[in-house]
Amino acid sequence: MMRVVQDANRALSLGRFDTELEVEAYILARLNHMDANFVVNTTISGGVITTQVSAPATDLMPLNLMTSAFNSIDVSVFAQQLVEY
């Protein structure tokens with residue numbers, strides 16, 4: 001997840017993407033194979049691109065063992081990148 005977020009932020013930083021929505025769509029497309037309910041939020045503020053991706057921990061578990069213990073936990077990835085263009 002982290003690598004996908006970093007790649008997307010870098011692409012926006014270099015002008016390969018024009019909007020935050022393109023970054024979010026790219027991330028969702030690359031993580032689609034994980035079949036999880038991802039929430040992606042990308043913003044640009046003060047020359048810094050910030051993206052956070054989160055999903056319920058139970059969606060990311062390979063087996064349905066002990067999932068009730070993780071029902072209220074989300075797994076999140078957070079990355080920032082300076083705008084370079």
# chains A, B, ... in the order shown; residues from 1 in each chain; ligands from 1
>>> residues_around(residues="A:Val23", least_positions_apart="3", cutoff="10 Å", atoms="only C-alpha atoms", output="ChimeraX atom specification")
/A:5,7-12,16-20,26-29,40-43,51
>>> residues_around(residues="stretch 54-58 of chain A", least_positions_apart="4", cutoff="6 Å", atoms="only C-alpha atoms", output="PDB file with C-alpha atoms, in the first residue's frame")
ATOM      1  CA  ASN A  37     -13.045  -1.219   1.201  1.00  0.00           C
ATOM      2  CA  PHE A  38     -10.338   1.415   0.786  1.00  0.00           C
ATOM      3  CA  VAL A  39     -10.884   5.078   1.580  1.00  0.00           C
ATOM      4  CA  THR A  67     -11.750 -11.238  12.714  1.00  0.00           C
ATOM      5  CA  ILE A  73      -9.532  -1.376  13.647  1.00  0.00           C
ATOM      6  CA  ASP A  74      -8.505   0.318  10.406  1.00  0.00           C
ATOM      7  CA  VAL A  75      -5.134  -0.042   8.729  1.00  0.00           C
ATOM      8  CA  SER A  76      -3.866   3.277   7.362  1.00  0.00           C
TER       9      SER A  76
END
>>> select_by_dssp(residues="chain A", states="helix (DSSP H, G or I)", output="MDAnalysis selection string")
chainID A and resid 2:13 20:34 57:60 67:70
>>> residues_around(residues="A:Val83", least_positions_apart="5", cutoff="8 Å", atoms="only C-alpha atoms", output="number ranges by chain")
A: 12-14, 47-49
>>> write_last_selection(atoms="all heavy atoms", output="PDB file, in the first residue's frame")
ATOM      1  N   LEU A  12       1.872  12.937  -9.160  1.00  0.00           N
ATOM      2  CA  LEU A  12       1.207  14.234  -9.064  1.00  0.00           C
ATOM      3  C   LEU A  12       2.244  15.341  -8.907  1.00  0.00           C
ATOM      4  O   LEU A  12       2.147  16.402  -9.529  1.00  0.00           O
ATOM      5  CB  LEU A  12       0.216  14.257  -7.901  1.00  0.00           C
ATOM      6  CG  LEU A  12      -0.555  15.558  -7.690  1.00  0.00           C
ATOM      7  CD1 LEU A  12      -1.386  15.925  -8.918  1.00  0.00           C
ATOM      8  CD2 LEU A  12      -1.456  15.439  -6.452  1.00  0.00           C
ATOM      9  N   SER A  13       3.262  15.069  -8.118  1.00  0.00           N
ATOM     10  CA  SER A  13       4.320  16.042  -7.884  1.00  0.00           C
ATOM     11  C   SER A  13       5.022  16.451  -9.180  1.00  0.00           C
ATOM     12  O   SER A  13       5.396  17.606  -9.359  1.00  0.00           O
ATOM     13  CB  SER A  13       5.348  15.455  -6.919  1.00  0.00           C
ATOM     14  OG  SER A  13       6.493  16.256  -6.839  1.00  0.00           O
ATOM     15  N   LEU A  14       5.180  15.501 -10.088  1.00  0.00           N
ATOM     16  CA  LEU A  14       5.874  15.754 -11.348  1.00  0.00           C
ATOM     17  C   LEU A  14       4.946  16.223 -12.459  1.00  0.00           C
ATOM     18  O   LEU A  14       5.387  16.490 -13.569  1.00  0.00           O
ATOM     19  CB  LEU A  14       6.603  14.484 -11.803  1.00  0.00           C
ATOM     20  CG  LEU A  14       7.737  14.018 -10.896  1.00  0.00           C
ATOM     21  CD1 LEU A  14       8.271  12.680 -11.369  1.00  0.00           C
ATOM     22  CD2 LEU A  14       8.845  15.053 -10.831  1.00  0.00           C
ATOM     23  N   GLY A  47       2.144  23.513  -0.951  1.00  0.00           N
ATOM     24  CA  GLY A  47       3.173  22.861  -1.747  1.00  0.00           C
ATOM     25  C   GLY A  47       3.485  21.439  -1.329  1.00  0.00           C
ATOM     26  O   GLY A  47       4.481  20.872  -1.759  1.00  0.00           O
ATOM     27  N   VAL A  48       2.618  20.843  -0.511  1.00  0.00           N
ATOM     28  CA  VAL A  48       2.823  19.476  -0.051  1.00  0.00           C
ATOM     29  C   VAL A  48       1.604  18.633  -0.420  1.00  0.00           C
ATOM     30  O   VAL A  48       0.470  19.008  -0.131  1.00  0.00           O
ATOM     31  CB  VAL A  48       3.046  19.416   1.480  1.00  0.00           C
ATOM     32  CG1 VAL A  48       3.184  17.980   1.959  1.00  0.00           C
ATOM     33  CG2 VAL A  48       4.275  20.221   1.872  1.00  0.00           C
ATOM     34  N   ILE A  49       1.863  17.513  -1.070  1.00  0.00           N
ATOM     35  CA  ILE A  49       0.817  16.552  -1.402  1.00  0.00           C
ATOM     36  C   ILE A  49       0.724  15.571  -0.240  1.00  0.00           C
ATOM     37  O   ILE A  49       1.738  14.993   0.168  1.00  0.00           O
ATOM     38  CB  ILE A  49       1.152  15.787  -2.690  1.00  0.00           C
ATOM     39  CG1 ILE A  49       1.345  16.756  -3.852  1.00  0.00           C
ATOM     40  CG2 ILE A  49       0.075  14.742  -2.988  1.00  0.00           C
ATOM     41  CD1 ILE A  49       2.095  16.165  -5.021  1.00  0.00           C
TER      42      ILE A  49
END
>>> closest_residue(among="A:Gln80, A:Ser45, A:Ser72, A:Gln52", to="A:Met1", atoms="only C-alpha atoms")
A:Gln52
>>> residues_around(residues="A:Met2", least_positions_apart="5", cutoff="9 Å", atoms="only C-alpha atoms", output="PDB file with N, CA and C atoms, in the first residue's frame")
ATOM      1  N   ASP A   7       4.153   6.283  -5.024  1.00  0.00           N
ATOM      2  CA  ASP A   7       4.235   6.427  -6.483  1.00  0.00           C
ATOM      3  C   ASP A   7       3.203   7.423  -6.997  1.00  0.00           C
ATOM      4  N   VAL A  53      -4.557   6.508   2.933  1.00  0.00           N
ATOM      5  CA  VAL A  53      -5.366   5.378   2.495  1.00  0.00           C
ATOM      6  C   VAL A  53      -5.650   4.533   3.726  1.00  0.00           C
ATOM      7  N   VAL A  77      -2.303   4.073   5.742  1.00  0.00           N
ATOM      8  CA  VAL A  77      -1.003   4.461   5.192  1.00  0.00           C
ATOM      9  C   VAL A  77      -1.089   5.942   4.912  1.00  0.00           C
ATOM     10  N   PHE A  78      -0.036   6.665   5.268  1.00  0.00           N
ATOM     11  CA  PHE A  78      -0.005   8.128   5.136  1.00  0.00           C
ATOM     12  C   PHE A  78       1.331   8.505   4.520  1.00  0.00           C
ATOM     13  N   ALA A  79       1.298   9.319   3.444  1.00  0.00           N
ATOM     14  CA  ALA A  79       2.552   9.744   2.805  1.00  0.00           C
ATOM     15  C   ALA A  79       2.426  11.185   2.327  1.00  0.00           C
TER      16      ALA A  79
END
>>> closest_residue(among="A:Thr50, A:Glu22, A:Tyr85, A:Asp59", to="A:Gln6", atoms="only C-alpha atoms")
A:Thr50
>>> atom_distance(atom1="atom CA of A:Glu24", atom2="atom CA of A:Ile44")
12.6 Å
>>> atom_distance(atom1="atom CA of A:Ala25", atom2="atom CA of A:Asn71")
26.1 Å
>>> select_by_dssp(residues="chain A", states="strand (DSSP E)", output="list in words")
Val39, Val40, Asn41, Thr42, Thr43, Ile44, Ser45, Val48, Ile49, Thr50, Thr51, Gln52, Val53, Ser54, Ala55, Pro56, Asp74, Val75, Ser76, Val77, Phe78, Ala79, Gln80, Gln81 and Leu82 of chain A
